[in-house]
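Everything below belongs to query.cif, which stores mmCIF, C-alpha atoms.
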```cif
data_model
#
loop_
_atom_site.label_atom_id
_atom_site.label_comp_id
_atom_site.auth_asym_id
_atom_site.auth_seq_id
_atom_site.Cartn_x
_atom_site.Cartn_y
_atom_site.Cartn_z
CA MET A 6 33.46 2.15 3.27
CA LEU A 7 34.22 5.81 2.68
CA PHE A 8 31.46 8.29 1.89
CA ILE A 9 32.26 11.77 0.60
CA PHE A 10 29.41 14.29 0.39
CA TYR A 11 29.22 17.54 -1.55
CA LEU A 12 26.43 20.14 -1.57
CA LEU A 13 26.07 21.77 -4.98
CA LEU A 14 23.34 23.67 -6.82
CA PRO A 15 22.61 22.19 -10.27
CA LEU A 16 19.78 23.18 -12.58
CA ALA A 17 17.17 20.40 -12.54
CA GLN A 18 13.54 19.67 -11.70
CA ALA A 19 12.27 17.03 -9.31
CA ILE A 20 9.43 14.86 -10.58
CA LEU A 21 9.35 12.14 -7.94
CA TYR A 22 5.84 10.95 -7.11
CA PRO A 23 4.46 13.05 -4.21
CA TYR A 24 3.16 11.41 -1.04
CA ASP A 25 1.43 12.99 1.94
CA THR A 26 3.79 14.02 4.73
CA PRO A 27 3.52 16.45 7.66
CA SER A 28 4.77 19.21 5.32
CA ARG A 29 3.14 18.12 2.04
CA GLN A 30 -0.49 17.45 1.12
CA THR A 31 -1.80 15.93 -2.11
CA LYS A 32 -5.11 16.21 -3.96
CA SER A 33 -5.93 13.76 -6.75
CA LEU A 34 -7.51 15.12 -9.93
CA ASP A 35 -8.25 11.63 -11.24
CA GLY A 36 -11.82 10.84 -12.17
CA LEU A 37 -14.21 11.95 -14.89
CA TRP A 38 -13.03 14.90 -16.99
CA ARG A 39 -14.85 16.71 -19.79
CA PHE A 40 -13.46 15.60 -23.16
CA LYS A 41 -13.81 16.91 -26.71
CA LEU A 42 -12.24 16.07 -30.06
CA ASP A 43 -10.88 18.95 -32.12
CA PRO A 44 -10.65 17.58 -35.70
CA THR A 45 -10.67 21.05 -37.30
CA ALA A 46 -8.04 22.44 -34.86
CA ALA A 47 -10.41 25.22 -33.84
CA GLY A 48 -9.84 25.03 -30.09
CA HIS A 49 -6.85 27.35 -29.85
CA GLU A 50 -8.31 30.00 -32.15
CA GLU A 51 -11.68 29.87 -30.38
CA GLU A 52 -9.93 29.84 -26.98
CA TRP A 53 -11.67 26.79 -25.56
CA TYR A 54 -9.38 27.02 -22.54
CA LYS A 55 -11.09 30.22 -21.35
CA SER A 56 -14.27 28.42 -20.26
CA SER A 57 -15.52 24.92 -19.58
CA LEU A 58 -15.72 22.70 -22.64
CA ALA A 59 -19.21 22.95 -24.13
CA GLY A 60 -21.31 21.50 -26.94
CA ASP A 61 -23.19 18.34 -27.79
CA ASP A 62 -19.92 16.60 -28.65
CA VAL A 63 -18.49 16.94 -25.13
CA MET A 64 -18.34 13.63 -23.29
CA GLU A 65 -17.05 12.35 -19.97
CA MET A 66 -13.61 10.72 -20.07
CA PRO A 67 -12.00 8.87 -17.17
CA VAL A 68 -8.50 9.93 -16.12
CA PRO A 69 -6.13 8.19 -16.17
CA CYS A 70 -6.84 6.20 -19.33
CA SER A 71 -6.26 6.02 -23.07
CA PHE A 72 -9.23 7.67 -24.75
CA ASN A 73 -8.93 5.18 -27.64
CA ASP A 74 -10.04 2.37 -25.32
CA ILE A 75 -13.13 3.90 -23.76
CA THR A 76 -15.79 3.94 -26.48
CA THR A 77 -16.87 1.72 -29.36
CA ASP A 78 -16.68 4.69 -31.74
CA ALA A 79 -14.00 4.09 -34.40
CA SER A 80 -13.66 7.84 -34.95
CA ILE A 81 -12.42 8.17 -31.35
CA ARG A 82 -10.39 4.95 -31.31
CA ASP A 83 -8.43 5.90 -34.44
CA TYR A 84 -8.44 9.67 -33.91
CA LEU A 85 -5.31 11.68 -34.78
CA GLY A 86 -4.93 15.31 -33.77
CA VAL A 87 -5.76 17.55 -30.83
CA VAL A 88 -8.21 16.58 -28.08
CA TRP A 89 -9.22 18.71 -25.11
CA TYR A 90 -9.71 17.79 -21.47
CA ASP A 91 -10.87 19.94 -18.59
CA ARG A 92 -12.27 19.57 -15.10
CA ASP A 93 -13.08 21.74 -12.09
CA PHE A 94 -11.49 21.33 -8.69
CA ILE A 95 -11.77 22.85 -5.24
CA LEU A 96 -8.63 24.32 -3.74
CA PRO A 97 -8.42 23.61 0.02
CA SER A 98 -8.45 26.83 2.03
CA ALA A 99 -5.45 25.64 4.06
CA TRP A 100 -3.32 25.73 0.91
CA ILE A 101 -3.40 29.51 0.70
CA GLN A 102 -0.05 29.71 2.51
CA GLU A 103 1.58 26.87 0.56
CA ASN A 104 3.36 26.41 -2.74
CA VAL A 105 1.07 24.48 -5.11
CA VAL A 106 2.35 22.14 -7.84
CA LEU A 107 0.34 20.53 -10.66
CA ARG A 108 1.80 17.15 -11.69
CA PHE A 109 0.97 14.92 -14.66
CA GLY A 110 2.18 11.33 -14.55
CA SER A 111 2.11 10.97 -18.34
CA VAL A 112 0.36 12.57 -21.30
CA HIS A 113 0.72 11.10 -24.78
CA PHE A 114 2.11 12.67 -26.83
CA SER A 115 2.28 16.42 -26.25
CA ALA A 116 0.34 18.58 -23.80
CA GLU A 117 -0.54 22.23 -23.30
CA VAL A 118 -1.93 23.24 -19.91
CA TRP A 119 -4.02 26.15 -18.64
CA ILE A 120 -5.34 27.01 -15.17
CA ASP A 121 -8.50 29.15 -15.10
CA GLY A 122 -7.81 30.16 -18.70
CA VAL A 123 -4.24 31.24 -17.97
CA TRP A 124 -1.35 29.56 -19.79
CA VAL A 125 0.70 27.29 -17.52
CA GLY A 126 3.12 25.48 -19.83
CA SER A 127 3.65 22.61 -22.24
CA HIS A 128 5.39 19.25 -22.41
CA GLU A 129 6.34 16.82 -25.18
CA GLY A 130 6.95 13.11 -24.64
CA GLY A 131 4.35 10.56 -23.68
CA HIS A 132 6.27 8.48 -21.17
CA MET A 133 7.62 10.92 -18.58
CA ALA A 134 6.07 12.81 -15.70
CA PHE A 135 6.10 16.60 -15.68
CA GLU A 136 4.90 19.31 -13.34
CA PHE A 137 4.34 23.06 -13.01
CA GLN A 138 4.43 25.51 -10.14
CA VAL A 139 0.95 27.09 -10.23
CA SER A 140 0.74 29.07 -6.98
CA THR A 141 1.11 32.42 -8.71
CA LEU A 142 -1.58 31.49 -11.25
CA LEU A 143 -4.24 30.56 -8.70
CA ASP A 144 -6.50 33.20 -7.19
CA MET A 145 -6.42 31.98 -3.61
CA GLU A 146 -9.55 33.97 -2.82
CA THR A 147 -11.49 31.78 -5.28
CA THR A 148 -12.58 28.32 -4.16
CA LYS A 149 -13.40 26.71 -7.51
CA HIS A 150 -10.81 26.41 -10.27
CA ARG A 151 -10.47 24.73 -13.68
CA VAL A 152 -7.58 22.93 -15.35
CA THR A 153 -7.57 22.51 -19.15
CA VAL A 154 -5.27 20.29 -21.20
CA ALA A 155 -4.90 20.16 -24.98
CA VAL A 156 -3.38 16.83 -26.05
CA ASN A 157 -1.90 16.14 -29.48
CA ASN A 158 -1.17 12.51 -30.37
CA ILE A 159 0.41 13.07 -33.80
CA LEU A 160 3.87 11.49 -33.96
CA THR A 161 6.78 12.47 -36.20
CA PRO A 162 9.94 10.76 -37.48
CA ASP A 163 11.81 12.55 -34.66
CA SER A 164 9.46 11.66 -31.80
CA ILE A 165 9.70 8.69 -29.45
CA PRO A 166 8.03 6.52 -30.58
CA GLN A 167 8.37 7.49 -34.23
CA GLY A 168 5.51 7.85 -36.65
CA LYS A 169 4.65 9.37 -40.00
CA LEU A 170 1.37 11.20 -40.57
CA VAL A 171 -0.31 10.21 -43.82
CA VAL A 172 -3.16 12.35 -45.19
CA HIS A 173 -5.77 10.33 -47.07
CA ASP A 174 -8.80 11.66 -48.90
CA ASP A 175 -11.18 11.25 -45.98
CA TYR A 176 -9.05 10.48 -42.94
CA LEU A 177 -5.61 10.79 -41.34
CA GLY A 178 -3.37 7.77 -40.83
CA LEU A 179 -0.18 7.08 -38.93
CA GLU A 180 2.50 4.83 -40.37
CA ASN A 181 5.03 2.97 -38.19
CA GLU A 182 7.91 0.62 -38.93
CA PHE A 183 7.02 -1.56 -35.93
CA ASP A 184 4.03 -3.13 -34.16
CA PHE A 185 2.44 -0.20 -32.33
CA PHE A 186 -0.96 1.31 -31.61
CA ASN A 187 -1.06 5.01 -30.84
CA TYR A 188 -2.79 4.95 -27.44
CA ALA A 189 -3.21 8.55 -26.28
CA GLY A 190 -4.59 10.78 -23.55
CA LEU A 191 -3.93 11.49 -19.87
CA HIS A 192 -2.34 8.11 -19.25
CA ARG A 193 -1.27 8.40 -15.62
CA PRO A 194 -2.54 10.16 -12.48
CA VAL A 195 -2.93 13.92 -12.28
CA VAL A 196 -2.32 15.38 -8.85
CA LEU A 197 -2.02 18.71 -7.07
CA TYR A 198 0.37 18.83 -4.16
CA THR A 199 1.85 21.37 -1.80
CA THR A 200 5.32 22.14 -0.54
CA PRO A 201 6.32 24.69 2.11
CA ALA A 202 6.18 28.13 0.54
CA LYS A 203 9.37 29.32 2.22
CA LEU A 204 11.54 26.33 1.30
CA ILE A 205 11.16 24.51 -2.00
CA ILE A 206 13.47 21.63 -2.88
CA LYS A 207 13.67 21.54 -6.67
CA ASP A 208 15.81 18.44 -7.10
CA ILE A 209 18.05 15.92 -5.32
CA ASP A 210 20.57 14.21 -7.60
CA ILE A 211 22.64 11.42 -5.98
CA ARG A 212 25.65 9.98 -7.82
CA HIS A 213 28.31 7.39 -7.00
CA THR A 214 31.78 6.63 -8.32
CA PHE A 215 34.32 3.89 -7.52
CA PRO A 216 37.77 5.49 -7.06
CA TYR A 217 39.71 2.19 -7.05
CA GLU A 218 39.74 -0.81 -9.36
CA GLU A 219 39.10 -3.13 -6.43
CA LEU A 220 35.65 -1.54 -6.05
CA ASP A 221 36.04 -1.73 -2.28
CA MET A 222 35.27 1.97 -1.75
CA VAL A 223 32.65 4.28 -3.16
CA ASP A 224 32.36 8.06 -3.27
CA ILE A 225 28.84 9.43 -2.97
CA THR A 226 28.00 12.97 -4.09
CA TRP A 227 24.66 14.73 -4.17
CA ASP A 228 23.36 17.93 -5.70
CA ILE A 229 20.44 19.82 -4.16
CA THR A 230 18.59 22.61 -5.94
CA TYR A 231 16.27 24.68 -3.76
CA THR A 232 14.81 28.12 -3.21
CA ALA A 233 14.34 29.54 0.28
CA GLU A 234 12.91 32.65 1.88
CA VAL A 235 15.15 34.02 4.62
CA GLU A 236 13.44 35.99 7.37
#
```

Go ahead and render the structure in this file as structure tokens.
Amino acid sequence: MLFIFYLLLPLAQAILYPYDTPSRQTKSLDGLWRFKLDPTAAGHEEEWYKSSLAGDDVMEMPVPCSFNDITTDASIRDYLGVVWYDRDFILPSAWIQENVVLRFGSVHFSAEVWIDGVWVGSHEGGHMAFEFQVSTLLDMETTKHRVTVAVNNILTPDSIPQGKLVVHDDYLGLENEFDFFNYAGLHRPVVLYTTPAKLIIKDIDIRHTFPYEELDMVDITWDITYTAEVE
């Protein structure tokens, strides 16, 4: 069997699940997060991301989970709109020389992320993992940090899955053309992990083709995207 290899540089992002290796460490952010509903959409204007969530309506929410499933409160189970999560974490001192990545396994449906009150990025789509490079946003001289996530579970006719927001006199509803409940929240694990600061592999894309009809040979190509610091 013939193997042909090519080294190319495509534009892509790797979101494989990180495991501990001699050159990579992980830190789980799963557990109890602070959680707050935002029915009046005041959180962005009042800049809730600049400090820890506060108020009598803040509750503890396990991550990962669907927030609809955790309480017996119908106003939380059937809630539509923006909710806020945050939690503190300790950055290991050994990570000061490493590249640090913040990875979310899944957030339904859209997410906005801040670190220590600084905008990190956003993602839309409740079934895919996404991650951000956060090394430049972290003050490595500070031990304690905070991650904040604003989650919006309102679906549209163009989203996957689809939904239609219906405004009633005293509540919001979501209409679907199929059997579906709009489970929402930080659905899968949240993890910080490191990669070597001087060599960062962004993506490995492996492809195969069969050059002959007999299918007795296969050509394998791969693309690697990386950044490196040359001394």

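When all atoms listed in the file are used to measure the gap to A:Ile20, the shortest distance among A:Ser111, A:Ser57, A:Thr45, A:Asn104 belongs to A:Ser111.
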
>> Here's the selection I'm unsure about, the PyMOL selection byres ((chain A and resi 84) around 9); applied to the file above, which residues does it give, as a PyMOL selection string?
In response: chain A and resi 42+44+73+79-83+85-87+158+177-178

Per-residue nearest contacts stretch 113-141 of chain A to stretch 184-195 of chain A, cut-off 9 Å, using all atoms listed in the file, as a tab-separated table:
```
residue	atom	partner	partner_atom	distance
A:His113	CA	A:Ala189	CA	4.9
A:Phe114	CA	A:Ala189	CA	6.8
A:Gly131	CA	A:Ala189	CA	8.2
A:His132	CA	A:His192	CA	8.8
A:Ala134	CA	A:Arg193	CA	8.6
```

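Distance annotation: of A:Tyr90, A:Trp227, A:Trp100, A:Phe109, the residue with the minimal separation from A:Asp43 is A:Tyr90; atom set is all atoms listed in the file.
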
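Going from atom CA of A:Asp61 to atom CA of A:Arg92 covers 16.8 Å.
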
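Near A:Asp91, within a cut-off of 7 Å and counting only C-alpha atoms, sit the residues A:Trp38, A:Arg39, A:Phe40, A:Ser57, A:Leu58, A:Arg151, A:Val152, A:Thr153, A:Val154, with same-chain residues fewer than 5 positions away left out.
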
> Out of A:Arg108, A:Pro97, A:Gly48, A:Trp89, which residue has the shortest atom-to-atom distance to A:Val63 when counting all atoms listed in the file?
Replying inline: A:Trp89

>> Can you pull out the residues contacting A:Ile211? Cut-off 9 Å, using only C-alpha atoms, and skip same-chain residues under 4 positions away; I want them as JSON, numbers by chain.
In response: {"A": [225, 226, 227, 228, 229]}

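Residues matched by the PyMOL selection byres ((chain A and resi 203-205) around 7) in this structure: Thr200, Pro201, Ala202, Ile206, Lys207, Tyr231, Thr232, Ala233 and Glu234 of chain A.
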
The PyMOL selection byres ((chain A and resi 36) around 8) - which residues does that actually catch in the file I just gave you? List them as a short mmCIF file (atom, residue, chain, number, x, y, z; two decimals) with C-alpha atoms, in the frame of the given file.
```
data_model
loop_
_atom_site.label_atom_id
_atom_site.label_comp_id
_atom_site.auth_asym_id
_atom_site.auth_seq_id
_atom_site.Cartn_x
_atom_site.Cartn_y
_atom_site.Cartn_z
CA LEU A 34 -7.51 15.12 -9.93
CA ASP A 35 -8.25 11.63 -11.24
CA LEU A 37 -14.21 11.95 -14.89
CA TRP A 38 -13.03 14.90 -16.99
CA PRO A 67 -12.00 8.87 -17.17
CA VAL A 68 -8.50 9.93 -16.12
CA PRO A 69 -6.13 8.19 -16.17
#
```

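Distances here use all atoms listed in the file; by that measure, the residue among A:Ser140, A:Thr147, A:Ser164, A:Thr26 closest to A:Ser115 is A:Ser164.
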
>> To one decimal place in Å, what is the distance between atom CA of A:Glu136 and atom CA of A:Gly110?
In response: 8.5 Å
